[in-house]
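This is coords-v5.txt. It holds compact mmCIF, N, CA and C atoms.
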# COMPACT_ATOMS: atom_id res chain seq x y z
N MET C 1 118.96 159.36 88.87
CA MET C 1 118.99 158.04 88.30
C MET C 1 117.95 158.02 87.17
N ASN C 2 118.41 157.76 85.96
CA ASN C 2 117.51 157.75 84.80
C ASN C 2 117.04 156.32 84.53
N MET C 3 115.79 156.09 84.81
CA MET C 3 115.21 154.77 84.64
C MET C 3 114.10 154.77 83.59
N ASP C 4 114.16 155.72 82.67
CA ASP C 4 113.11 155.84 81.66
C ASP C 4 112.97 154.58 80.81
N ALA C 5 114.09 153.99 80.41
CA ALA C 5 114.04 152.78 79.57
C ALA C 5 113.43 151.62 80.36
N VAL C 6 113.76 151.52 81.64
CA VAL C 6 113.20 150.46 82.48
C VAL C 6 111.70 150.69 82.65
N GLN C 7 111.32 151.93 82.90
CA GLN C 7 109.91 152.28 83.06
C GLN C 7 109.13 151.92 81.79
N ALA C 8 109.68 152.27 80.63
CA ALA C 8 109.01 151.97 79.36
C ALA C 8 108.89 150.46 79.16
N SER C 9 109.92 149.72 79.50
CA SER C 9 109.89 148.26 79.36
C SER C 9 108.84 147.64 80.28
N MET C 10 108.79 148.12 81.51
CA MET C 10 107.78 147.63 82.46
C MET C 10 106.37 147.93 81.96
N ASN C 11 106.18 149.15 81.44
CA ASN C 11 104.86 149.53 80.93
C ASN C 11 104.47 148.66 79.73
N GLU C 12 105.40 148.35 78.87
CA GLU C 12 105.11 147.49 77.73
C GLU C 12 104.74 146.08 78.20
N GLY C 13 105.44 145.58 79.19
CA GLY C 13 105.11 144.27 79.74
C GLY C 13 103.72 144.25 80.36
N LEU C 14 103.38 145.31 81.09
CA LEU C 14 102.04 145.39 81.68
C LEU C 14 100.97 145.48 80.59
N GLU C 15 101.25 146.19 79.52
CA GLU C 15 100.30 146.29 78.40
C GLU C 15 100.09 144.91 77.78
N GLN C 16 101.15 144.14 77.63
CA GLN C 16 101.02 142.79 77.07
C GLN C 16 100.21 141.89 78.02
N MET C 17 100.44 142.03 79.32
CA MET C 17 99.67 141.26 80.29
C MET C 17 98.19 141.63 80.22
N LYS C 18 97.91 142.92 80.07
CA LYS C 18 96.52 143.38 79.97
C LYS C 18 95.85 142.76 78.74
N LYS C 19 96.57 142.73 77.62
CA LYS C 19 96.02 142.11 76.39
C LYS C 19 95.71 140.63 76.63
N CYS C 20 96.59 139.93 77.31
CA CYS C 20 96.36 138.51 77.61
C CYS C 20 95.14 138.33 78.51
N LEU C 21 94.99 139.20 79.49
CA LEU C 21 93.83 139.12 80.37
C LEU C 21 92.52 139.39 79.62
N VAL C 22 92.54 140.37 78.74
CA VAL C 22 91.36 140.67 77.93
C VAL C 22 90.98 139.45 77.10
N ASP C 23 91.97 138.85 76.45
CA ASP C 23 91.71 137.65 75.64
C ASP C 23 91.17 136.51 76.50
N MET C 24 91.74 136.33 77.68
CA MET C 24 91.28 135.25 78.57
C MET C 24 89.83 135.49 79.00
N PHE C 25 89.49 136.73 79.38
CA PHE C 25 88.12 137.02 79.81
C PHE C 25 87.13 136.86 78.66
N ARG C 26 87.55 137.21 77.48
CA ARG C 26 86.67 137.01 76.31
C ARG C 26 86.38 135.53 76.11
N GLY C 27 87.37 134.69 76.41
CA GLY C 27 87.20 133.24 76.23
C GLY C 27 86.33 132.59 77.29
N ILE C 28 86.28 133.18 78.48
CA ILE C 28 85.52 132.53 79.56
C ILE C 28 84.21 133.23 79.90
N SER C 29 83.97 134.41 79.36
CA SER C 29 82.77 135.15 79.71
C SER C 29 82.23 135.90 78.50
N GLU C 30 80.93 136.07 78.50
CA GLU C 30 80.32 136.85 77.43
C GLU C 30 80.18 138.31 77.83
N SER C 31 80.64 138.66 79.03
CA SER C 31 80.57 140.04 79.50
C SER C 31 81.51 140.92 78.70
N SER C 32 81.22 142.19 78.71
CA SER C 32 82.04 143.15 77.99
C SER C 32 83.41 143.32 78.66
N THR C 33 84.42 143.45 77.86
CA THR C 33 85.78 143.69 78.37
C THR C 33 86.22 145.12 78.11
N SER C 34 85.28 145.97 77.74
CA SER C 34 85.65 147.34 77.37
C SER C 34 86.29 148.10 78.53
N GLU C 35 85.82 147.91 79.76
CA GLU C 35 86.42 148.60 80.91
C GLU C 35 87.86 148.16 81.12
N LEU C 36 88.09 146.87 80.98
CA LEU C 36 89.45 146.36 81.12
C LEU C 36 90.35 146.89 80.01
N GLU C 37 89.80 146.95 78.80
CA GLU C 37 90.58 147.47 77.68
C GLU C 37 90.94 148.93 77.86
N LYS C 38 90.08 149.71 78.52
CA LYS C 38 90.34 151.14 78.75
C LYS C 38 91.34 151.38 79.87
N ALA C 39 91.50 150.40 80.73
CA ALA C 39 92.37 150.56 81.89
C ALA C 39 93.80 150.89 81.46
N GLU C 40 94.41 151.79 82.20
CA GLU C 40 95.77 152.21 81.90
C GLU C 40 96.75 151.26 82.59
N ALA C 41 97.62 150.67 81.81
CA ALA C 41 98.61 149.74 82.36
C ALA C 41 99.95 150.47 82.45
N LYS C 42 100.22 151.02 83.62
CA LYS C 42 101.47 151.74 83.84
C LYS C 42 102.12 151.25 85.12
N PHE C 43 103.41 151.14 85.06
CA PHE C 43 104.19 150.74 86.22
C PHE C 43 104.34 151.97 87.12
N PRO C 44 103.71 151.99 88.29
CA PRO C 44 103.61 153.22 89.08
C PRO C 44 104.79 153.50 90.01
N ILE C 45 105.98 153.47 89.49
CA ILE C 45 107.13 153.75 90.36
C ILE C 45 107.76 155.07 89.93
N HIS C 46 107.85 155.96 90.90
CA HIS C 46 108.46 157.27 90.63
C HIS C 46 109.69 157.48 91.50
N GLN C 47 109.81 156.70 92.55
CA GLN C 47 110.97 156.80 93.44
C GLN C 47 111.82 155.56 93.27
N TRP C 48 112.67 155.57 92.24
CA TRP C 48 113.44 154.37 91.89
C TRP C 48 114.45 153.98 92.95
N LYS C 49 115.03 154.95 93.65
CA LYS C 49 116.00 154.59 94.70
C LYS C 49 115.32 153.76 95.78
N ARG C 50 114.12 154.15 96.17
CA ARG C 50 113.37 153.40 97.18
C ARG C 50 113.00 152.02 96.64
N CYS C 51 112.61 151.97 95.37
CA CYS C 51 112.24 150.70 94.74
C CYS C 51 113.43 149.75 94.69
N ILE C 52 114.57 150.26 94.31
CA ILE C 52 115.77 149.42 94.21
C ILE C 52 116.16 148.88 95.58
N LYS C 53 116.02 149.70 96.62
CA LYS C 53 116.28 149.22 97.98
C LYS C 53 115.33 148.09 98.34
N ALA C 54 114.06 148.23 97.95
CA ALA C 54 113.08 147.18 98.25
C ALA C 54 113.40 145.90 97.47
N PHE C 55 113.81 146.04 96.18
CA PHE C 55 114.20 144.87 95.39
C PHE C 55 115.41 144.18 96.02
N THR C 56 116.37 144.97 96.48
CA THR C 56 117.57 144.41 97.11
C THR C 56 117.21 143.67 98.40
N ALA C 57 116.35 144.28 99.20
CA ALA C 57 115.93 143.63 100.45
C ALA C 57 115.19 142.32 100.15
N ALA C 58 114.36 142.33 99.12
CA ALA C 58 113.62 141.12 98.75
C ALA C 58 114.58 140.03 98.28
N ALA C 59 115.58 140.41 97.49
CA ALA C 59 116.56 139.43 97.01
C ALA C 59 117.36 138.85 98.18
N GLU C 60 117.76 139.70 99.12
CA GLU C 60 118.52 139.21 100.28
C GLU C 60 117.66 138.30 101.15
N LEU C 61 116.41 138.66 101.34
CA LEU C 61 115.51 137.82 102.14
C LEU C 61 115.30 136.47 101.46
N THR C 62 115.12 136.49 100.14
CA THR C 62 114.95 135.25 99.39
C THR C 62 116.19 134.37 99.51
N ALA C 63 117.36 134.97 99.36
CA ALA C 63 118.61 134.21 99.48
C ALA C 63 118.75 133.62 100.88
N HIS C 64 118.41 134.40 101.89
CA HIS C 64 118.52 133.91 103.26
C HIS C 64 117.54 132.76 103.50
N GLN C 65 116.31 132.89 103.02
CA GLN C 65 115.33 131.82 103.20
C GLN C 65 115.77 130.55 102.47
N ARG C 66 116.33 130.71 101.28
CA ARG C 66 116.81 129.54 100.54
C ARG C 66 117.97 128.87 101.28
N TYR C 67 118.85 129.69 101.88
CA TYR C 67 119.95 129.13 102.67
C TYR C 67 119.40 128.35 103.86
N LEU C 68 118.43 128.94 104.57
CA LEU C 68 117.86 128.25 105.73
C LEU C 68 117.21 126.93 105.32
N ASN C 69 116.48 126.95 104.22
CA ASN C 69 115.86 125.71 103.73
C ASN C 69 116.91 124.67 103.39
N TRP C 70 117.98 125.09 102.72
CA TRP C 70 119.08 124.17 102.38
C TRP C 70 119.72 123.63 103.65
N PHE C 71 120.01 124.53 104.59
CA PHE C 71 120.68 124.12 105.82
C PHE C 71 119.84 123.11 106.59
N ARG C 72 118.56 123.40 106.71
CA ARG C 72 117.68 122.48 107.45
C ARG C 72 117.58 121.13 106.74
N ALA C 73 117.49 121.15 105.42
CA ALA C 73 117.40 119.89 104.67
C ALA C 73 118.71 119.11 104.72
N SER C 74 119.83 119.82 104.71
CA SER C 74 121.14 119.16 104.67
C SER C 74 121.57 118.61 106.02
N PHE C 75 121.22 119.27 107.10
CA PHE C 75 121.75 118.91 108.40
C PHE C 75 120.70 118.44 109.39
N ARG C 76 119.49 118.26 108.95
CA ARG C 76 118.43 117.78 109.86
C ARG C 76 118.80 116.39 110.36
N GLY C 77 118.76 116.22 111.65
CA GLY C 77 119.03 114.92 112.24
C GLY C 77 120.50 114.63 112.48
N THR C 78 121.41 115.54 112.14
CA THR C 78 122.83 115.25 112.33
C THR C 78 123.35 115.78 113.66
N LYS C 79 122.60 116.64 114.32
CA LYS C 79 123.04 117.15 115.62
C LYS C 79 122.61 116.19 116.70
N HIS C 80 123.49 116.02 117.69
CA HIS C 80 123.22 115.10 118.79
C HIS C 80 123.47 115.82 120.10
N PRO C 81 122.76 115.44 121.15
CA PRO C 81 123.03 116.07 122.44
C PRO C 81 124.42 115.69 122.94
N PHE C 82 125.00 116.57 123.72
CA PHE C 82 126.34 116.32 124.27
C PHE C 82 126.26 115.19 125.29
N ASP C 83 127.16 114.25 125.17
CA ASP C 83 127.21 113.11 126.08
C ASP C 83 128.62 113.07 126.68
N ASP C 84 128.73 113.15 127.98
CA ASP C 84 130.04 113.13 128.64
C ASP C 84 130.86 111.90 128.28
N ALA C 85 130.21 110.79 128.03
CA ALA C 85 130.93 109.55 127.72
C ALA C 85 131.66 109.67 126.37
N ASP C 86 131.14 110.49 125.46
CA ASP C 86 131.76 110.65 124.15
C ASP C 86 132.85 111.72 124.13
N TYR C 87 132.93 112.52 125.19
CA TYR C 87 133.88 113.63 125.21
C TYR C 87 135.28 113.13 125.50
N LYS C 88 136.23 113.54 124.66
CA LYS C 88 137.63 113.20 124.87
C LYS C 88 138.39 114.52 124.97
N GLU C 89 138.98 114.75 126.11
CA GLU C 89 139.69 116.00 126.34
C GLU C 89 141.00 116.00 125.56
N ASP C 90 141.36 117.15 125.01
CA ASP C 90 142.61 117.31 124.27
C ASP C 90 143.69 117.68 125.28
N HIS C 91 144.69 116.80 125.47
CA HIS C 91 145.74 117.01 126.46
C HIS C 91 147.01 117.57 125.87
N ARG C 92 146.92 118.20 124.71
CA ARG C 92 148.15 118.73 124.10
C ARG C 92 148.68 119.89 124.94
N ASP C 93 149.98 120.10 124.89
CA ASP C 93 150.59 121.20 125.63
C ASP C 93 150.43 122.48 124.82
N LEU C 94 149.93 123.50 125.48
CA LEU C 94 149.76 124.79 124.83
C LEU C 94 150.92 125.69 125.22
N SER C 95 151.43 126.39 124.24
CA SER C 95 152.51 127.34 124.53
C SER C 95 151.90 128.62 125.08
N ALA C 96 152.72 129.48 125.63
CA ALA C 96 152.26 130.77 126.15
C ALA C 96 151.65 131.60 125.04
N ASP C 97 152.22 131.48 123.82
CA ASP C 97 151.67 132.24 122.68
C ASP C 97 150.26 131.78 122.33
N ASP C 98 150.01 130.47 122.40
CA ASP C 98 148.67 129.96 122.12
C ASP C 98 147.67 130.52 123.12
N CYS C 99 148.06 130.57 124.39
CA CYS C 99 147.16 131.09 125.42
C CYS C 99 146.90 132.58 125.22
N ALA C 100 147.93 133.31 124.80
CA ALA C 100 147.78 134.74 124.58
C ALA C 100 146.85 135.01 123.40
N ASP C 101 146.83 134.10 122.44
CA ASP C 101 145.96 134.26 121.26
C ASP C 101 144.54 133.78 121.54
N GLY C 102 144.25 133.37 122.74
CA GLY C 102 142.91 132.92 123.07
C GLY C 102 142.68 131.44 122.86
N TRP C 103 143.74 130.66 122.78
CA TRP C 103 143.61 129.21 122.56
C TRP C 103 143.72 128.43 123.85
N GLY C 104 143.54 129.03 124.93
CA GLY C 104 143.67 128.24 126.12
C GLY C 104 143.22 128.89 127.32

As structure tokens, the full file:
Amino acid sequence: MNMDAVQASMNEGLEQMKKCLVDMFRGISESSTSELEKAEAKFPIHQWKRCIKAFTAAAELTAHQRYLNWFRASFRGTKHPFDDADYKEDHRDLSADDCADGWG
């Protein structure tokens, strides 16, 4: 799997973030930023297949958590305990085929 272009793009993004951090530290402190400027900003991924699996797992977990949040917000308070007085039995006649299919 050739991910050189992705690696280069990630490294460029990290370099831009490093520049922003250097500028921010210069604005809030009179301390030297030379050590930060010397720091190497590289995206340290060499096993892309493992990384992609982790990204996929994170996306699935995020989607599942969002679904749970939606479900809880949408249906909170709508479930009620079973009450025999509210139960109405269905007295329809079932055919032998319905029973064979698991409907009876």

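Distance annotation: of C:Trp48, C:Phe55, C:Tyr67, C:Phe43, the residue with the minimal separation from C:Ala8 is C:Phe43; atom set is only C-alpha atoms.
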
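Atom to atom, atom CA of C:Lys19 and atom CA of C:Leu36 stand 9.1 Å apart.
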
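When only C-alpha atoms are used to measure the gap to C:Glu40, the shortest distance among C:Leu61, C:Met17, C:Ile28, C:Ala73 belongs to C:Met17.
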
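Straight-line separation from atom CA of C:Ser29 to atom N of C:Met10: 29.1 Å.
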
Exercise for review: Name all residues at most 8 Å from C:Lys18 (count only N, CA and C atoms; drop same-chain ones fewer than 6 positions away) and give them as JSON, numbers by chain.
Suggested key: {"C": [12, 24, 36, 37, 41]}

Taking all listed atoms of stretch 32-44 of chain C, build the axis-aligned box, pad each of the six sides by 4 Å, then write its centre and edge lengths in Å to one decimal as lines of an AutoDock Vina configuration file.
center_x = 93.0
center_y = 147.8
center_z = 83.7
size_x = 31.6
size_y = 19.3
size_z = 20.6

Revision key, fill the gap. As a check of understanding: the span from atom CA of C:Gly13 to atom C of C:Ser32 is 21.7 Å

If we count only C-alpha atoms, what is near C:Gln7 at a cut-off of 9 Å, once residues fewer than 2 positions away on the same chain are taken out, given as a compact mmCIF listing (two decimals) with N, CA and C atoms, keeping the file's coordinate frame?
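Result saved to result_9.txt:
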# COMPACT_ATOMS: atom_id res chain seq x y z
N MET C 3 115.79 156.09 84.81
CA MET C 3 115.21 154.77 84.64
C MET C 3 114.10 154.77 83.59
N ASP C 4 114.16 155.72 82.67
CA ASP C 4 113.11 155.84 81.66
C ASP C 4 112.97 154.58 80.81
N ALA C 5 114.09 153.99 80.41
CA ALA C 5 114.04 152.78 79.57
C ALA C 5 113.43 151.62 80.36
N SER C 9 109.92 149.72 79.50
CA SER C 9 109.89 148.26 79.36
C SER C 9 108.84 147.64 80.28
N MET C 10 108.79 148.12 81.51
CA MET C 10 107.78 147.63 82.46
C MET C 10 106.37 147.93 81.96
N ASN C 11 106.18 149.15 81.44
CA ASN C 11 104.86 149.53 80.93
C ASN C 11 104.47 148.66 79.73
N GLU C 12 105.40 148.35 78.87
CA GLU C 12 105.11 147.49 77.73
C GLU C 12 104.74 146.08 78.20
N LYS C 42 100.22 151.02 83.62
CA LYS C 42 101.47 151.74 83.84
C LYS C 42 102.12 151.25 85.12
N PHE C 43 103.41 151.14 85.06
CA PHE C 43 104.19 150.74 86.22
C PHE C 43 104.34 151.97 87.12
N PRO C 44 103.71 151.99 88.29
CA PRO C 44 103.61 153.22 89.08
C PRO C 44 104.79 153.50 90.01
N ILE C 45 105.98 153.47 89.49
CA ILE C 45 107.13 153.75 90.36
C ILE C 45 107.76 155.07 89.93

Quick one: stretch 19-30 of chain C with all heavy atoms, as a PDB file, in the first residue's frame?
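Saved to part19.pdb:
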ATOM      1  N   LYS C  19       4.532  25.533  13.364  1.00  0.00           N
ATOM      2  CA  LYS C  19       4.735  26.979  13.141  1.00  0.00           C
ATOM      3  C   LYS C  19       3.724  27.794  13.952  1.00  0.00           C
ATOM      4  O   LYS C  19       4.081  28.811  14.547  1.00  0.00           O
ATOM      5  CB  LYS C  19       4.629  27.316  11.659  1.00  0.00           C
ATOM      6  CG  LYS C  19       5.810  26.838  10.850  1.00  0.00           C
ATOM      7  CD  LYS C  19       5.621  27.156   9.374  1.00  0.00           C
ATOM      8  CE  LYS C  19       6.753  26.578   8.558  1.00  0.00           C
ATOM      9  NZ  LYS C  19       6.559  26.810   7.115  1.00  0.00           N
ATOM     10  N   CYS C  20       2.479  27.354  13.981  1.00  0.00           N
ATOM     11  CA  CYS C  20       1.455  28.059  14.762  1.00  0.00           C
ATOM     12  C   CYS C  20       1.778  28.030  16.254  1.00  0.00           C
ATOM     13  O   CYS C  20       1.611  29.040  16.951  1.00  0.00           O
ATOM     14  CB  CYS C  20       0.083  27.444  14.511  1.00  0.00           C
ATOM     15  SG  CYS C  20      -0.600  27.792  12.895  1.00  0.00           S
ATOM     16  N   LEU C  21       2.248  26.896  16.736  1.00  0.00           N
ATOM     17  CA  LEU C  21       2.617  26.787  18.146  1.00  0.00           C
ATOM     18  C   LEU C  21       3.795  27.697  18.493  1.00  0.00           C
ATOM     19  O   LEU C  21       3.808  28.355  19.538  1.00  0.00           O
ATOM     20  CB  LEU C  21       2.945  25.339  18.509  1.00  0.00           C
ATOM     21  CG  LEU C  21       1.761  24.397  18.602  1.00  0.00           C
ATOM     22  CD1 LEU C  21       2.242  22.955  18.778  1.00  0.00           C
ATOM     23  CD2 LEU C  21       0.848  24.783  19.742  1.00  0.00           C
ATOM     24  N   VAL C  22       4.783  27.743  17.612  1.00  0.00           N
ATOM     25  CA  VAL C  22       5.931  28.628  17.833  1.00  0.00           C
ATOM     26  C   VAL C  22       5.459  30.075  17.919  1.00  0.00           C
ATOM     27  O   VAL C  22       5.848  30.820  18.829  1.00  0.00           O
ATOM     28  CB  VAL C  22       7.000  28.447  16.726  1.00  0.00           C
ATOM     29  CG1 VAL C  22       8.041  29.557  16.783  1.00  0.00           C
ATOM     30  CG2 VAL C  22       7.661  27.083  16.828  1.00  0.00           C
ATOM     31  N   ASP C  23       4.613  30.473  16.985  1.00  0.00           N
ATOM     32  CA  ASP C  23       4.084  31.847  16.998  1.00  0.00           C
ATOM     33  C   ASP C  23       3.283  32.120  18.274  1.00  0.00           C
ATOM     34  O   ASP C  23       3.399  33.200  18.862  1.00  0.00           O
ATOM     35  CB  ASP C  23       3.209  32.097  15.769  1.00  0.00           C
ATOM     36  CG  ASP C  23       4.013  32.155  14.480  1.00  0.00           C
ATOM     37  OD1 ASP C  23       5.250  32.333  14.555  1.00  0.00           O
ATOM     38  OD2 ASP C  23       3.398  32.006  13.403  1.00  0.00           O
ATOM     39  N   MET C  24       2.480  31.155  18.701  1.00  0.00           N
ATOM     40  CA  MET C  24       1.680  31.337  19.914  1.00  0.00           C
ATOM     41  C   MET C  24       2.590  31.489  21.141  1.00  0.00           C
ATOM     42  O   MET C  24       2.395  32.392  21.952  1.00  0.00           O
ATOM     43  CB  MET C  24       0.742  30.142  20.120  1.00  0.00           C
ATOM     44  CG  MET C  24      -0.148  30.297  21.347  1.00  0.00           C
ATOM     45  SD  MET C  24      -1.204  28.863  21.646  1.00  0.00           S
ATOM     46  CE  MET C  24      -0.019  27.687  22.280  1.00  0.00           C
ATOM     47  N   PHE C  25       3.620  30.637  21.255  1.00  0.00           N
ATOM     48  CA  PHE C  25       4.525  30.724  22.402  1.00  0.00           C
ATOM     49  C   PHE C  25       5.306  32.035  22.406  1.00  0.00           C
ATOM     50  O   PHE C  25       5.560  32.595  23.462  1.00  0.00           O
ATOM     51  CB  PHE C  25       5.469  29.521  22.453  1.00  0.00           C
ATOM     52  CG  PHE C  25       4.818  28.273  22.940  1.00  0.00           C
ATOM     53  CD1 PHE C  25       4.907  27.092  22.218  1.00  0.00           C
ATOM     54  CD2 PHE C  25       4.101  28.250  24.128  1.00  0.00           C
ATOM     55  CE1 PHE C  25       4.302  25.935  22.670  1.00  0.00           C
ATOM     56  CE2 PHE C  25       3.497  27.093  24.586  1.00  0.00           C
ATOM     57  CZ  PHE C  25       3.596  25.925  23.855  1.00  0.00           C
ATOM     58  N   ARG C  26       5.663  32.498  21.236  1.00  0.00           N
ATOM     59  CA  ARG C  26       6.356  33.792  21.158  1.00  0.00           C
ATOM     60  C   ARG C  26       5.461  34.910  21.680  1.00  0.00           C
ATOM     61  O   ARG C  26       5.933  35.859  22.285  1.00  0.00           O
ATOM     62  CB  ARG C  26       6.765  34.095  19.719  1.00  0.00           C
ATOM     63  CG  ARG C  26       7.980  33.351  19.275  1.00  0.00           C
ATOM     64  CD  ARG C  26       8.404  33.792  17.887  1.00  0.00           C
ATOM     65  NE  ARG C  26       9.484  32.955  17.411  1.00  0.00           N
ATOM     66  CZ  ARG C  26       9.674  32.612  16.161  1.00  0.00           C
ATOM     67  NH1 ARG C  26       8.837  33.042  15.222  1.00  0.00           N
ATOM     68  NH2 ARG C  26      10.677  31.854  15.821  1.00  0.00           N
ATOM     69  N   GLY C  27       4.153  34.787  21.426  1.00  0.00           N
ATOM     70  CA  GLY C  27       3.207  35.811  21.860  1.00  0.00           C
ATOM     71  C   GLY C  27       2.924  35.797  23.347  1.00  0.00           C
ATOM     72  O   GLY C  27       2.561  36.816  23.918  1.00  0.00           O
ATOM     73  N   ILE C  28       3.063  34.635  23.984  1.00  0.00           N
ATOM     74  CA  ILE C  28       2.703  34.561  25.406  1.00  0.00           C
ATOM     75  C   ILE C  28       3.911  34.442  26.338  1.00  0.00           C
ATOM     76  O   ILE C  28       3.753  34.514  27.547  1.00  0.00           O
ATOM     77  CB  ILE C  28       1.740  33.379  25.676  1.00  0.00           C
ATOM     78  CG1 ILE C  28       2.399  32.034  25.345  1.00  0.00           C
ATOM     79  CG2 ILE C  28       0.441  33.568  24.932  1.00  0.00           C
ATOM     80  CD1 ILE C  28       1.572  30.827  25.725  1.00  0.00           C
ATOM     81  N   SER C  29       5.098  34.245  25.801  1.00  0.00           N
ATOM     82  CA  SER C  29       6.265  34.058  26.651  1.00  0.00           C
ATOM     83  C   SER C  29       7.493  34.701  26.020  1.00  0.00           C
ATOM     84  O   SER C  29       7.614  34.757  24.803  1.00  0.00           O
ATOM     85  CB  SER C  29       6.516  32.566  26.864  1.00  0.00           C
ATOM     86  OG  SER C  29       7.687  32.354  27.609  1.00  0.00           O
ATOM     87  N   GLU C  30       8.380  35.132  26.877  1.00  0.00           N
ATOM     88  CA  GLU C  30       9.636  35.684  26.380  1.00  0.00           C
ATOM     89  C   GLU C  30      10.709  34.614  26.306  1.00  0.00           C
ATOM     90  O   GLU C  30      11.839  34.888  25.934  1.00  0.00           O
ATOM     91  CB  GLU C  30      10.078  36.837  27.279  1.00  0.00           C
ATOM     92  CG  GLU C  30       9.133  38.026  27.211  1.00  0.00           C
ATOM     93  CD  GLU C  30       9.587  39.167  28.101  1.00  0.00           C
ATOM     94  OE1 GLU C  30      10.739  39.166  28.564  1.00  0.00           O
ATOM     95  OE2 GLU C  30       8.769  40.067  28.323  1.00  0.00           O
TER      96      GLU C  30
END
